[in-house]
file target.txt (compact mmCIF, C-alpha atoms)
# COMPACT_ATOMS: atom_id res chain seq x y z
CA MET J 1 47.74 102.38 214.25
CA GLY J 2 49.49 103.37 217.46
CA PRO J 3 49.12 101.83 220.91
CA HIS J 4 46.10 102.39 223.14
CA PRO J 5 46.22 105.85 224.81
CA ALA J 6 46.77 104.29 228.25
CA VAL J 7 49.68 102.22 226.96
CA ALA J 8 51.14 105.25 225.19
CA ALA J 9 50.87 107.30 228.39
CA ILE J 10 52.72 104.82 230.59
CA ARG J 11 55.43 104.27 227.99
CA LEU J 12 56.01 108.00 227.60
CA ALA J 13 56.28 108.45 231.37
CA VAL J 14 58.86 105.66 231.62
CA ARG J 15 60.77 106.87 228.56
CA ARG J 16 61.26 110.29 230.14
CA VAL J 17 62.65 108.75 233.33
CA LEU J 18 64.98 106.43 231.43
CA HIS J 19 66.37 109.35 229.44
CA ASP J 20 67.07 111.13 232.75
CA VAL J 21 68.83 108.05 234.16
CA ILE J 22 70.99 107.63 231.05
CA THR J 23 71.96 111.30 231.08
CA GLU J 24 72.87 111.23 234.77
CA CYS J 25 74.91 108.04 234.43
CA ARG J 26 76.92 109.49 231.56
CA ARG J 27 77.50 112.70 233.47
CA ASN J 28 78.58 110.86 236.62
CA ALA J 29 80.88 108.52 234.71
CA GLY J 30 83.05 111.44 233.58
CA PRO J 31 85.34 111.51 230.55
CA ASP J 32 88.07 109.27 231.97
CA ARG J 33 86.22 106.23 233.29
CA PRO J 34 83.54 103.91 231.91
CA ALA J 35 79.96 104.25 233.06
CA GLU J 36 79.96 100.80 234.67
CA ALA J 37 82.87 101.71 236.95
CA ALA J 38 81.09 104.87 238.00
CA ARG J 39 77.98 102.90 238.98
CA ARG J 40 79.66 99.97 240.73
CA PRO J 41 78.89 99.97 244.48
CA ALA J 42 81.84 100.87 246.70
CA HIS J 43 81.05 97.94 249.00
CA THR J 44 80.45 94.46 247.64
CA ALA J 45 82.28 91.71 249.53
CA GLY J 46 81.51 91.94 253.21
CA SER J 47 78.60 94.30 252.65
CA PRO J 48 75.45 93.63 254.67
CA TYR J 49 73.62 93.82 251.36
CA ALA J 50 75.61 90.91 249.97
CA GLU J 51 73.94 88.57 252.47
CA ALA J 52 70.33 89.43 251.60
CA GLY J 53 68.30 86.27 251.03
CA THR J 54 66.84 85.73 247.56
CA ALA J 55 64.62 83.10 246.09
CA GLY J 56 63.24 82.00 242.79
CA GLY J 57 64.11 83.10 239.33
CA SER J 58 67.30 85.13 239.27
CA ARG J 59 68.67 84.46 235.81
CA THR J 60 72.18 83.18 235.45
CA ALA J 61 73.80 85.96 233.47
CA LEU J 62 73.34 89.64 232.83
CA PRO J 63 72.82 90.82 229.25
CA GLU J 64 75.98 91.40 227.27
CA ARG J 65 75.81 95.17 227.66
CA PRO J 66 77.90 95.86 230.78
CA ASP J 67 78.55 99.47 229.82
CA THR J 68 74.86 100.41 230.01
CA PRO J 69 72.94 101.35 233.17
CA LEU J 70 70.72 98.77 234.81
CA VAL J 71 67.22 99.90 235.82
CA LEU J 72 65.12 97.66 238.06
CA VAL J 73 61.35 97.75 238.49
CA ALA J 74 59.87 96.96 241.90
CA CYS J 75 56.89 94.78 241.08
CA SER J 76 54.24 93.42 243.44
CA GLY J 77 52.16 91.89 240.67
CA GLY J 78 49.47 94.57 241.00
CA ALA J 79 48.21 96.63 238.08
CA ASP J 80 50.40 99.69 238.76
CA SER J 81 53.67 97.80 238.95
CA MET J 82 52.85 95.34 236.15
CA ALA J 83 52.03 98.26 233.86
CA LEU J 84 55.32 99.83 234.89
CA ALA J 85 57.23 96.60 234.20
CA SER J 86 55.70 96.26 230.74
CA ALA J 87 56.56 99.86 229.84
CA LEU J 88 60.14 99.44 231.11
CA ALA J 89 60.59 96.25 229.08
CA PHE J 90 59.28 97.96 225.94
CA GLU J 91 61.30 101.16 226.27
CA ALA J 92 64.55 99.47 227.35
CA ARG J 93 64.69 97.62 224.02
CA LYS J 94 64.94 100.97 222.23
CA LEU J 95 67.35 102.69 224.61
CA ASP J 96 70.82 102.05 225.97
CA VAL J 97 69.43 100.54 229.17
CA ARG J 98 69.35 97.11 230.78
CA ALA J 99 66.05 96.31 232.53
CA GLY J 100 65.44 93.95 235.43
CA GLY J 101 62.81 93.32 238.08
CA ILE J 102 62.52 92.68 241.81
CA THR J 103 59.49 91.43 243.71
CA VAL J 104 59.42 91.46 247.51
CA ASP J 105 57.69 88.65 249.40
CA HIS J 106 56.58 90.12 252.74
CA ASN J 107 55.46 86.70 254.08
CA LEU J 108 52.29 88.30 255.45
CA GLN J 109 49.73 86.14 253.61
CA PRO J 110 49.35 82.43 252.90
CA GLY J 111 50.79 81.53 249.54
CA SER J 112 52.86 84.70 249.27
CA GLY J 113 55.88 82.72 248.09
CA LEU J 114 53.92 81.20 245.21
CA ARG J 115 52.64 84.62 244.16
CA ALA J 116 56.19 85.99 244.22
CA ALA J 117 57.29 83.10 242.00
CA GLU J 118 54.45 83.92 239.57
CA VAL J 119 55.61 87.54 239.38
CA VAL J 120 59.14 86.34 238.62
CA THR J 121 57.78 84.17 235.80
CA ARG J 122 55.84 87.07 234.30
CA LEU J 123 58.75 89.49 234.51
CA THR J 124 61.06 86.93 232.97
CA ALA J 125 58.58 86.45 230.12
CA MET J 126 58.91 90.19 229.45
CA ASP J 127 62.65 89.61 228.87
CA LEU J 128 63.66 91.49 232.00
CA ASP J 129 67.02 90.38 233.36
CA PRO J 130 67.99 90.01 236.19
CA VAL J 131 64.73 89.05 237.87
CA GLU J 132 64.43 87.80 241.43
CA ALA J 133 62.12 87.43 244.41
CA VAL J 134 63.38 88.58 247.78
CA ALA J 135 61.79 87.30 250.99
CA VAL J 136 61.76 89.64 254.00
CA HIS J 137 60.73 89.55 257.64
CA VAL J 138 58.32 92.33 258.62
CA GLY J 139 58.71 93.62 262.15
CA ARG J 140 56.22 95.58 264.25
CA GLU J 141 57.86 98.94 264.81
CA GLY J 142 55.67 101.84 263.70
CA GLY J 143 52.66 99.66 262.92
CA PRO J 144 52.06 97.04 260.21
CA GLU J 145 52.04 99.40 257.23
CA ALA J 146 55.22 101.26 258.25
CA ALA J 147 57.00 98.02 259.18
CA ALA J 148 56.17 96.45 255.81
CA ARG J 149 57.34 99.58 254.00
CA ASP J 150 60.64 99.64 255.91
CA ALA J 151 61.29 95.96 255.16
CA ARG J 152 60.43 96.45 251.48
CA TYR J 153 62.73 99.43 250.97
CA ALA J 154 65.56 97.68 252.81
CA ALA J 155 65.20 94.76 250.39
CA LEU J 156 65.07 97.05 247.36
CA ASP J 157 68.15 98.96 248.56
CA ALA J 158 69.99 95.67 248.97
CA ALA J 159 68.97 94.48 245.51
CA ALA J 160 70.03 97.76 243.90
CA GLU J 161 73.44 97.52 245.57
CA ARG J 162 73.81 93.84 244.75
CA HIS J 163 73.14 94.34 241.04
CA GLY J 164 74.74 97.77 240.72
CA ALA J 165 71.45 99.29 239.55
CA ALA J 166 71.37 102.93 238.54
CA ALA J 167 67.68 103.29 239.46
CA VAL J 168 64.67 101.43 240.83
CA LEU J 169 61.27 102.30 239.36
CA LEU J 170 58.23 102.41 241.65
CA GLY J 171 54.61 102.30 240.48
CA HIS J 172 53.12 105.01 242.71
CA THR J 173 50.38 106.90 240.89
CA ARG J 174 48.67 110.26 241.30
CA ASP J 175 46.04 108.51 243.45
CA ASP J 176 48.77 107.26 245.81
CA GLN J 177 50.12 110.81 245.99
CA ALA J 178 46.70 112.18 246.96
CA GLU J 179 46.35 109.55 249.69
CA THR J 180 49.80 110.42 251.05
CA VAL J 181 48.89 114.11 251.28
CA LEU J 182 45.65 113.34 253.14
CA LEU J 183 47.47 111.05 255.58
CA GLY J 184 49.89 113.88 256.28
CA LEU J 185 47.01 116.26 256.91
CA ALA J 186 45.40 113.78 259.30
CA ARG J 187 48.61 113.54 261.32
CA GLY J 188 48.89 117.32 261.55
CA SER J 189 52.25 117.11 259.81
CA GLY J 190 54.21 120.00 258.37
CA ILE J 191 54.67 121.11 254.81
CA ARG J 192 57.31 118.48 254.05
CA SER J 193 54.84 115.71 254.77
CA LEU J 194 52.20 117.45 252.66
CA SER J 195 54.62 117.44 249.74
CA GLY J 196 53.99 113.72 249.39
CA MET J 197 56.31 111.48 247.42
CA ALA J 198 59.11 112.91 245.31
CA ALA J 199 59.57 111.92 241.68
CA ALA J 200 63.12 110.93 242.68
CA SER J 201 64.20 109.96 246.19
CA GLY J 202 66.56 107.74 248.12
CA PRO J 203 70.36 107.52 247.90
CA ALA J 204 71.51 109.52 244.86
CA GLY J 205 67.92 109.65 243.59
CA ARG J 206 67.78 105.86 243.30
CA TYR J 207 63.99 105.58 243.45
CA ARG J 208 62.05 106.98 240.48
CA ARG J 209 58.27 107.31 240.27
CA PRO J 210 57.27 107.77 236.61
CA PHE J 211 53.50 107.52 237.24
CA LEU J 212 52.96 110.38 239.71
CA GLN J 213 51.16 112.35 237.00
CA LEU J 214 49.02 109.37 235.91
CA ASP J 215 45.95 108.00 237.65
CA ARG J 216 45.49 104.45 238.83
CA GLN J 217 42.89 103.68 236.17
CA THR J 218 45.36 104.46 233.38
CA ALA J 219 47.74 101.80 234.67
CA ARG J 220 44.94 99.27 235.09
CA LYS J 221 43.62 99.99 231.60
CA ALA J 222 47.11 99.54 230.14
CA CYS J 223 47.28 96.07 231.68
CA LEU J 224 43.80 95.20 230.44
CA VAL J 225 44.39 96.11 226.80
CA GLN J 226 47.74 94.29 226.80
CA SER J 227 46.21 91.18 228.46
CA ILE J 228 48.69 91.43 231.34
CA PRO J 229 47.53 89.39 234.37
CA VAL J 230 47.46 91.34 237.62
CA TRP J 231 47.07 90.42 241.28
CA ASP J 232 44.86 92.49 243.57
CA ASP J 233 46.35 92.45 247.06
CA PRO J 234 43.54 91.80 249.60
CA HIS J 235 45.34 94.12 252.03
CA ASN J 236 44.45 96.99 249.67
CA ILE J 237 40.76 96.53 250.49
CA ASP J 238 41.16 95.51 254.14
CA PRO J 239 39.59 98.22 256.37
CA ALA J 240 42.08 97.31 259.10
CA TYR J 241 44.66 99.39 257.19
CA THR J 242 44.47 103.18 257.29
CA ARG J 243 45.40 103.72 253.65
CA SER J 244 42.81 101.17 252.55
CA ARG J 245 40.05 102.99 254.46
CA LEU J 246 41.16 106.28 252.97
CA ARG J 247 41.20 104.83 249.45
CA HIS J 248 37.79 103.18 249.56
CA GLU J 249 35.92 105.41 252.00
CA GLY J 250 37.69 108.73 252.58
CA LEU J 251 38.53 109.85 249.04
CA PRO J 252 35.16 108.80 247.57
CA ALA J 253 33.41 110.75 250.35
CA LEU J 254 35.52 113.83 249.56
CA GLU J 255 34.72 113.56 245.87
CA LYS J 256 31.03 113.19 246.64
CA ALA J 257 31.08 116.29 248.84
CA LEU J 258 33.46 118.46 246.77
CA GLY J 259 33.07 117.11 243.27
CA LYS J 260 35.52 115.44 240.91
CA GLY J 261 39.07 116.71 240.75
CA VAL J 262 40.01 116.19 244.41
CA VAL J 263 42.81 113.77 243.53
CA GLU J 264 44.29 116.14 240.95
CA ALA J 265 44.05 119.06 243.37
CA LEU J 266 45.81 117.12 246.13
CA ALA J 267 48.57 116.11 243.72
CA ARG J 268 49.07 119.77 242.77
CA THR J 269 49.16 120.66 246.46
CA ALA J 270 51.92 118.09 246.92
CA GLN J 271 54.07 119.68 244.21
CA LEU J 272 53.54 123.23 245.49
CA SER J 273 54.32 122.11 249.04
CA ARG J 274 57.47 120.36 247.86
CA ASP J 275 58.72 123.52 246.14
CA ASP J 276 58.09 125.56 249.30
CA ALA J 277 59.65 122.93 251.57
CA ASP J 278 62.78 122.74 249.40
CA ALA J 279 63.19 126.52 249.56
CA LEU J 280 62.74 126.58 253.34
CA ASP J 281 65.22 123.73 253.80
CA THR J 282 67.82 125.67 251.82
CA TRP J 283 67.16 128.77 253.90
CA ALA J 284 67.47 126.76 257.14
CA ALA J 285 70.79 125.22 256.08
CA GLU J 286 72.21 128.68 255.46
CA ALA J 287 70.69 130.16 258.64
CA GLU J 288 72.13 127.40 260.82
CA LEU J 289 75.65 128.63 260.10
CA THR J 290 74.77 132.04 261.56
CA VAL J 291 73.29 130.82 264.87
CA ARG J 292 76.14 128.64 266.11
CA ASP J 293 78.91 129.95 268.37
CA GLU J 294 82.61 129.21 267.99
CA THR J 295 82.15 125.82 269.70
CA GLY J 296 79.29 124.84 267.40
CA ARG J 297 76.50 125.23 269.97
CA LEU J 298 73.22 126.82 268.96
CA GLU J 299 72.65 130.33 270.34
CA CYS J 300 69.12 130.89 271.62
CA ALA J 301 69.07 134.61 270.74
CA GLY J 302 69.98 133.88 267.13
CA LEU J 303 67.40 131.11 266.91
CA TYR J 304 64.72 133.39 268.37
CA ALA J 305 65.30 135.92 265.59
CA LEU J 306 64.62 133.37 262.84
CA PRO J 307 61.15 132.93 261.30
CA PRO J 308 59.40 130.00 263.05
CA ALA J 309 59.38 127.78 259.93
CA VAL J 310 63.12 128.26 259.47
CA ARG J 311 63.91 127.89 263.18
CA ARG J 312 62.05 124.57 263.45
CA ARG J 313 63.97 123.22 260.49
CA VAL J 314 67.25 124.19 262.12
CA LEU J 315 66.14 122.44 265.31
CA ARG J 316 65.04 119.31 263.44
CA ARG J 317 68.37 119.10 261.61
CA ALA J 318 70.22 119.43 264.91
CA LEU J 319 68.10 116.75 266.61
CA ILE J 320 68.63 114.28 263.77
CA GLU J 321 72.35 115.02 263.77
CA ALA J 322 72.41 114.20 267.49
CA GLY J 323 70.85 110.79 266.86
CA ALA J 324 67.07 111.26 266.87
CA PRO J 325 65.47 109.04 264.18
CA ALA J 326 63.92 111.24 261.50
CA GLY J 327 60.83 109.04 261.23
CA SER J 328 60.14 109.32 264.96
CA LEU J 329 60.37 113.11 265.23
CA PHE J 330 56.89 114.60 265.19
CA ALA J 331 55.52 118.13 265.34
CA ARG J 332 54.90 117.88 269.08
CA HIS J 333 58.59 117.14 269.69
CA LEU J 334 59.69 120.19 267.74
CA GLU J 335 57.11 122.37 269.48
CA GLU J 336 58.50 121.37 272.89
CA VAL J 337 62.06 122.12 271.85
CA ASP J 338 60.95 125.37 270.21
CA ARG J 339 59.48 126.52 273.52
CA LEU J 340 62.97 126.36 275.02
CA ILE J 341 63.71 129.24 272.64
CA THR J 342 60.46 131.20 272.53
CA GLY J 343 58.83 130.44 275.90
CA TRP J 344 61.73 129.84 278.28
CA ARG J 345 60.46 129.45 281.86
CA GLY J 346 63.20 127.35 283.36
CA GLN J 347 61.97 124.08 281.82
CA ARG J 348 63.91 120.92 282.43
CA ALA J 349 65.54 118.89 279.68
CA ILE J 350 63.19 117.49 277.05
CA ASN J 351 63.52 113.79 276.28
CA LEU J 352 63.25 112.92 272.59
CA PRO J 353 63.33 109.76 270.42
CA GLY J 354 66.71 108.09 270.07
CA ARG J 355 67.64 108.91 273.70
CA VAL J 356 68.30 112.50 272.65
CA GLU J 357 67.68 115.33 275.08
CA ALA J 358 67.49 119.07 274.56
CA LEU J 359 68.02 121.68 277.28
CA ARG J 360 68.84 125.34 277.59
CA GLN J 361 72.06 126.33 279.37
CA GLY J 362 73.62 129.78 279.52
CA GLY J 363 71.80 131.10 276.50
CA ARG J 364 72.73 128.05 274.44
CA LEU J 365 70.58 125.17 273.26
CA VAL J 366 72.34 121.93 274.17
CA ILE J 367 71.29 118.84 272.23
CA ARG J 368 72.91 115.56 273.19
CA GLN J 369 72.31 111.87 273.77
CA SER J 370 71.35 111.06 277.36
call {"tool": "encode", "arguments": {"input": "target.txt", "output": "structure tokens"}}
result
Amino acid sequence: MGPHPAVAAIRLAVRRVLHDVITECRRNAGPDRPAEAARRPAHTAGSPYAEAGTAGGSRTALPERPDTPLVLVACSGGADSMALASALAFEARKLDVRAGGITVDHNLQPGSGLRAAEVVTRLTAMDLDPVEAVAVHVGREGGPEAAARDARYAALDAAAERHGAAAVLLGHTRDDQAETVLLGLARGSGIRSLSGMAAASGPAGRYRRPFLQLDRQTARKACLVQSIPVWDDPHNIDPAYTRSRLRHEGLPALEKALGKGVVEALARTAQLSRDDADALDTWAAEAELTVRDETGRLECAGLYALPPAVRRRVLRRALIEAGAPAGSLFARHLEEVDRLITGWRGQRAINLPGRVEALRQGGRLVIRQS
């Protein structure tokens, strides 16, 4: 008798990702150098990542398979990530992969250190190695949710570099994807935001999300039938957080009004939007080469002739290149800069995040730091 359908589903999703990671590592290693050398970070000693603080449970030695890729699972102790960890541990035994785990202690709740230590114990019991807890300080920039996310990804990046990991698995599900799309709609964001989370993202596709086609209940059921203890983060039901309100109030209201299938439809919208956004980004990269003069400045006449969706992408790329933080550039910023091209009435320079300013001079769009 085979495993429970929920367990089979999560294992298949992870197996597919691991096969992709193995294939990519072998391809990147090339014929003349071992896979481990191809994966080893270029900066170790003296790297800012080398000084990241860790606590509790890092095992003393890596498995004796140094020529195989290491895949880490980011695990909070919740149902999604514990199901992911169990599937990684199971599949790694059958494949040429080393499997480890990282849990991030955000220090936002009493007893968070003890919970992180419990997660380390559970991951270690699954025979994952290395396993460690990483404590972080969460700032305030961008709000509590964004600040916690930034601190978490910084810690995961550091851990991946420190251990030379080929990939880090994240437990985002189809439900998380639907919530991300709705949050983008609420902000009035463009098509890139509506495309939600990518199956692979980060430096060299470091972050992998095997569960984007699975719902949250499948992961929870997989933990239940395997008797895997899970921790339900109280922040996930705290109405003070936007995503929590959307999860427990917004999406249920939509399903009540529109019927079942809203989550699946939003996930499909994300994939279609991602395909369109990728195509437009490619178009914009090619178009940018045609609208710059011999000194590299953007020509307003050439920009004006581009379709609006392509032109705004060219402008966004130029603003980021000049130093504007990508996460702080919103639609309203791009609309103001776009009006320098399409509605020129002698406007003054426009001040943008990152102390970047944009102004029109002699038929050229000048973007620089002020």
call {"tool": "closest_atom_pairs", "arguments": {"input": "target.txt", "of": "range 158-225 of chain J", "to": "range 262-274 of chain J", "cutoff": "7 Å", "atoms": "all atoms listed in the file", "output": "tab-separated table"}}
result
residue	atom	partner	partner_atom	distance
J:Arg174	CA	J:Ala267	CA	6.3
J:Asp175	CA	J:Val263	CA	6.2
J:Gln177	CA	J:Ala267	CA	6.0
J:Ala178	CA	J:Leu266	CA	5.1
J:Val181	CA	J:Ala270	CA	6.6
J:Ile191	CA	J:Ser273	CA	5.9
J:Arg192	CA	J:Arg274	CA	6.5
J:Leu194	CA	J:Ala270	CA	5.8
J:Ser195	CA	J:Ala270	CA	4.0
J:Gly196	CA	J:Ala270	CA	5.4
call {"tool": "atom_distance", "arguments": {"input": "target.txt", "atom1": "CA of Ala133 in chain J", "atom2": "CA of Ile102 in chain J"}}
result
5.9 Å
call {"tool": "residues_around", "arguments": {"input": "target.txt", "residues": "Ser81 in chain J", "least_positions_apart": "2", "cutoff": "10 Å", "atoms": "only C-alpha atoms", "output": "PDB file with C-alpha atoms, in the frame of the given file"}}
result
ATOM      1  CA  VAL J  73      61.350  97.750 238.490  1.00  0.00           C
ATOM      2  CA  ALA J  74      59.870  96.960 241.900  1.00  0.00           C
ATOM      3  CA  CYS J  75      56.890  94.780 241.080  1.00  0.00           C
ATOM      4  CA  SER J  76      54.240  93.420 243.440  1.00  0.00           C
ATOM      5  CA  GLY J  77      52.160  91.890 240.670  1.00  0.00           C
ATOM      6  CA  GLY J  78      49.470  94.570 241.000  1.00  0.00           C
ATOM      7  CA  ALA J  79      48.210  96.630 238.080  1.00  0.00           C
ATOM      8  CA  ALA J  83      52.030  98.260 233.860  1.00  0.00           C
ATOM      9  CA  LEU J  84      55.320  99.830 234.890  1.00  0.00           C
ATOM     10  CA  ALA J  85      57.230  96.600 234.200  1.00  0.00           C
ATOM     11  CA  SER J  86      55.700  96.260 230.740  1.00  0.00           C
ATOM     12  CA  ALA J  87      56.560  99.860 229.840  1.00  0.00           C
ATOM     13  CA  THR J 103      59.490  91.430 243.710  1.00  0.00           C
ATOM     14  CA  LEU J 169      61.270 102.300 239.360  1.00  0.00           C
ATOM     15  CA  LEU J 170      58.230 102.410 241.650  1.00  0.00           C
ATOM     16  CA  GLY J 171      54.610 102.300 240.480  1.00  0.00           C
ATOM     17  CA  HIS J 172      53.120 105.010 242.710  1.00  0.00           C
ATOM     18  CA  THR J 173      50.380 106.900 240.890  1.00  0.00           C
ATOM     19  CA  PHE J 211      53.500 107.520 237.240  1.00  0.00           C
ATOM     20  CA  ALA J 219      47.740 101.800 234.670  1.00  0.00           C
ATOM     21  CA  ARG J 220      44.940  99.270 235.090  1.00  0.00           C
ATOM     22  CA  CYS J 223      47.280  96.070 231.680  1.00  0.00           C
ATOM     23  CA  VAL J 230      47.460  91.340 237.620  1.00  0.00           C
TER      24      VAL J 230
END
call {"tool": "closest_residue", "arguments": {"input": "target.txt", "among": "J:Ala284, J:Ala326, J:Cys25, J:Ala331", "to": "Leu306 in chain J", "atoms": "all atoms listed in the file"}}
result
J:Ala284
call {"tool": "closest_residue", "arguments": {"input": "target.txt", "among": "J:Glu24, J:Glu286, J:Glu132, J:Asp105", "to": "Pro69 in chain J", "atoms": "only C-alpha atoms"}}
result
J:Glu24
call {"tool": "atom_distance", "arguments": {"input": "target.txt", "atom1": "CA of Trp283 in chain J", "atom2": "CA of Arg368 in chain J"}}
result
24.1 Å
call {"tool": "closest_atom_pairs", "arguments": {"input": "target.txt", "of": "range 261-309 of chain J", "to": "range 333-337 of chain J", "cutoff": "12 Å", "atoms": "all atoms listed in the file", "output": "JSON lines"}}
result
{"residue": "J:Cys300", "atom": "CA", "partner": "J:Val337", "partner_atom": "CA", "distance": 11.3}
{"residue": "J:Leu303", "atom": "CA", "partner": "J:Val337", "partner_atom": "CA", "distance": 11.6}
{"residue": "J:Pro308", "atom": "CA", "partner": "J:Glu335", "partner_atom": "CA", "distance": 10.2}
{"residue": "J:Ala309", "atom": "CA", "partner": "J:Leu334", "partner_atom": "CA", "distance": 10.9}
call {"tool": "closest_residue", "arguments": {"input": "target.txt", "among": "J:Val7, J:Ala13, J:Val131, J:Ile341", "to": "Val225 in chain J", "atoms": "only C-alpha atoms"}}
result
J:Val7
call {"tool": "closest_residue", "arguments": {"input": "target.txt", "among": "J:Ala240, J:Val120, J:Leu88, J:Ala198", "to": "Asp278 in chain J", "atoms": "only C-alpha atoms"}}
result
J:Ala198
call {"tool": "residues_around", "arguments": {"input": "target.txt", "residues": "Ala204 in chain J", "least_positions_apart": "2", "cutoff": "12 Å", "atoms": "only C-alpha atoms", "output": "NGL selection string"}}
result
:J and (21 or 24-25 or 28 or 39 or 157 or 160 or 165-168 or 200-202 or 206-208)
call {"tool": "residues_near_point", "arguments": {"input": "target.txt", "point": "(49.9, 87.1, 239.0)", "cutoff": "7 Å", "atoms": "all atoms listed in the file", "output": "list of chain:residue names"}}
result
J:Gly77, J:Arg115, J:Glu118, J:Val119, J:Pro229, J:Val230, J:Trp231
call {"tool": "atom_distance", "arguments": {"input": "target.txt", "atom1": "CA of Asp215 in chain J", "atom2": "CA of Ile22 in chain J"}}
result
25.9 Å
call {"tool": "residues_around", "arguments": {"input": "target.txt", "residues": "Asn236 in chain J", "least_positions_apart": "3", "cutoff": "12 Å", "atoms": "all atoms listed in the file", "output": "PyMOL selection string"}}
result
chain J and resi 78+145+176+231-233+239-248
call {"tool": "write_last_selection", "arguments": {"input": "target.txt", "atoms": "C-alpha atoms", "output": "PDB file, keeping the file's coordinate frame"}}
result
ATOM      1  CA  GLY J  78      49.470  94.570 241.000  1.00  0.00           C
ATOM      2  CA  GLU J 145      52.040  99.400 257.230  1.00  0.00           C
ATOM      3  CA  ASP J 176      48.770 107.260 245.810  1.00  0.00           C
ATOM      4  CA  TRP J 231      47.070  90.420 241.280  1.00  0.00           C
ATOM      5  CA  ASP J 232      44.860  92.490 243.570  1.00  0.00           C
ATOM      6  CA  ASP J 233      46.350  92.450 247.060  1.00  0.00           C
ATOM      7  CA  PRO J 239      39.590  98.220 256.370  1.00  0.00           C
ATOM      8  CA  ALA J 240      42.080  97.310 259.100  1.00  0.00           C
ATOM      9  CA  TYR J 241      44.660  99.390 257.190  1.00  0.00           C
ATOM     10  CA  THR J 242      44.470 103.180 257.290  1.00  0.00           C
ATOM     11  CA  ARG J 243      45.400 103.720 253.650  1.00  0.00           C
ATOM     12  CA  SER J 244      42.810 101.170 252.550  1.00  0.00           C
ATOM     13  CA  ARG J 245      40.050 102.990 254.460  1.00  0.00           C
ATOM     14  CA  LEU J 246      41.160 106.280 252.970  1.00  0.00           C
ATOM     15  CA  ARG J 247      41.200 104.830 249.450  1.00  0.00           C
ATOM     16  CA  HIS J 248      37.790 103.180 249.560  1.00  0.00           C
TER      17      HIS J 248
END
call {"tool": "axis_aligned_box", "arguments": {"input": "target.txt", "around": "range 242-256 of chain J", "padding_each_side": "3 Å", "output": "AutoDock Vina command-line options"}}
result
--center_x 38.2 --center_y 107.5 --center_z 251.6 --size_x 20.4 --size_y 18.7 --size_z 17.4
call {"tool": "residues_around", "arguments": {"input": "target.txt", "residues": "Glu357 in chain J", "least_positions_apart": "4", "cutoff": "8 Å", "atoms": "all atoms listed in the file", "output": "list in words"}}
result
Ala349, Ile350, Asn351, Leu352, Ile367, Arg368, Gln369 and Ser370 of chain J
call {"tool": "decode", "arguments": {"input": "target.txt", "residues": "range 260-300 of chain J", "atoms": "C-alpha atoms", "output": "tab-separated table (two decimals), in the first residue's frame"}}
result
chain	number	residue	atom	x	y	z
J	260	LYS	CA	-15.23	27.86	-4.75
J	261	GLY	CA	-12.24	27.98	-7.06
J	262	VAL	CA	-11.13	31.56	-6.33
J	263	VAL	CA	-7.74	30.43	-5.03
J	264	GLU	CA	-7.09	28.25	-8.09
J	265	ALA	CA	-8.18	31.06	-10.42
J	266	LEU	CA	-5.87	33.56	-8.74
J	267	ALA	CA	-2.97	31.12	-8.97
J	268	ARG	CA	-3.63	30.70	-12.70
J	269	THR	CA	-3.75	34.48	-13.04
J	270	ALA	CA	-0.34	34.66	-11.41
J	271	GLN	CA	1.18	32.27	-13.94
J	272	LEU	CA	-0.39	34.02	-16.94
J	273	SER	CA	0.74	37.39	-15.62
J	274	ARG	CA	4.27	36.08	-15.10
J	275	ASP	CA	4.46	34.86	-18.70
J	276	ASP	CA	3.28	38.25	-19.98
J	277	ALA	CA	5.61	40.17	-17.66
J	278	ASP	CA	8.61	38.09	-18.75
J	279	ALA	CA	7.84	38.79	-22.40
J	280	LEU	CA	7.46	42.53	-21.78
J	281	ASP	CA	10.70	42.65	-19.79
J	282	THR	CA	12.55	41.04	-22.70
J	283	TRP	CA	11.00	43.52	-25.11
J	284	ALA	CA	11.96	46.45	-22.86
J	285	ALA	CA	15.58	45.28	-22.56
J	286	GLU	CA	15.86	45.19	-26.35
J	287	ALA	CA	14.01	48.51	-26.82
J	288	GLU	CA	16.25	50.31	-24.35
J	289	LEU	CA	19.21	49.88	-26.69
J	290	THR	CA	17.36	51.78	-29.42
J	291	VAL	CA	16.37	54.84	-27.35
J	292	ARG	CA	19.77	55.85	-25.99
J	293	ASP	CA	22.04	58.34	-27.75
J	294	GLU	CA	25.79	57.98	-28.24
J	295	THR	CA	26.41	59.18	-24.66
J	296	GLY	CA	23.96	56.68	-23.19
J	297	ARG	CA	21.22	59.20	-22.34
J	298	LEU	CA	17.59	58.33	-22.98
J	299	GLU	CA	16.00	60.16	-25.91
J	300	CYS	CA	12.49	61.41	-25.18
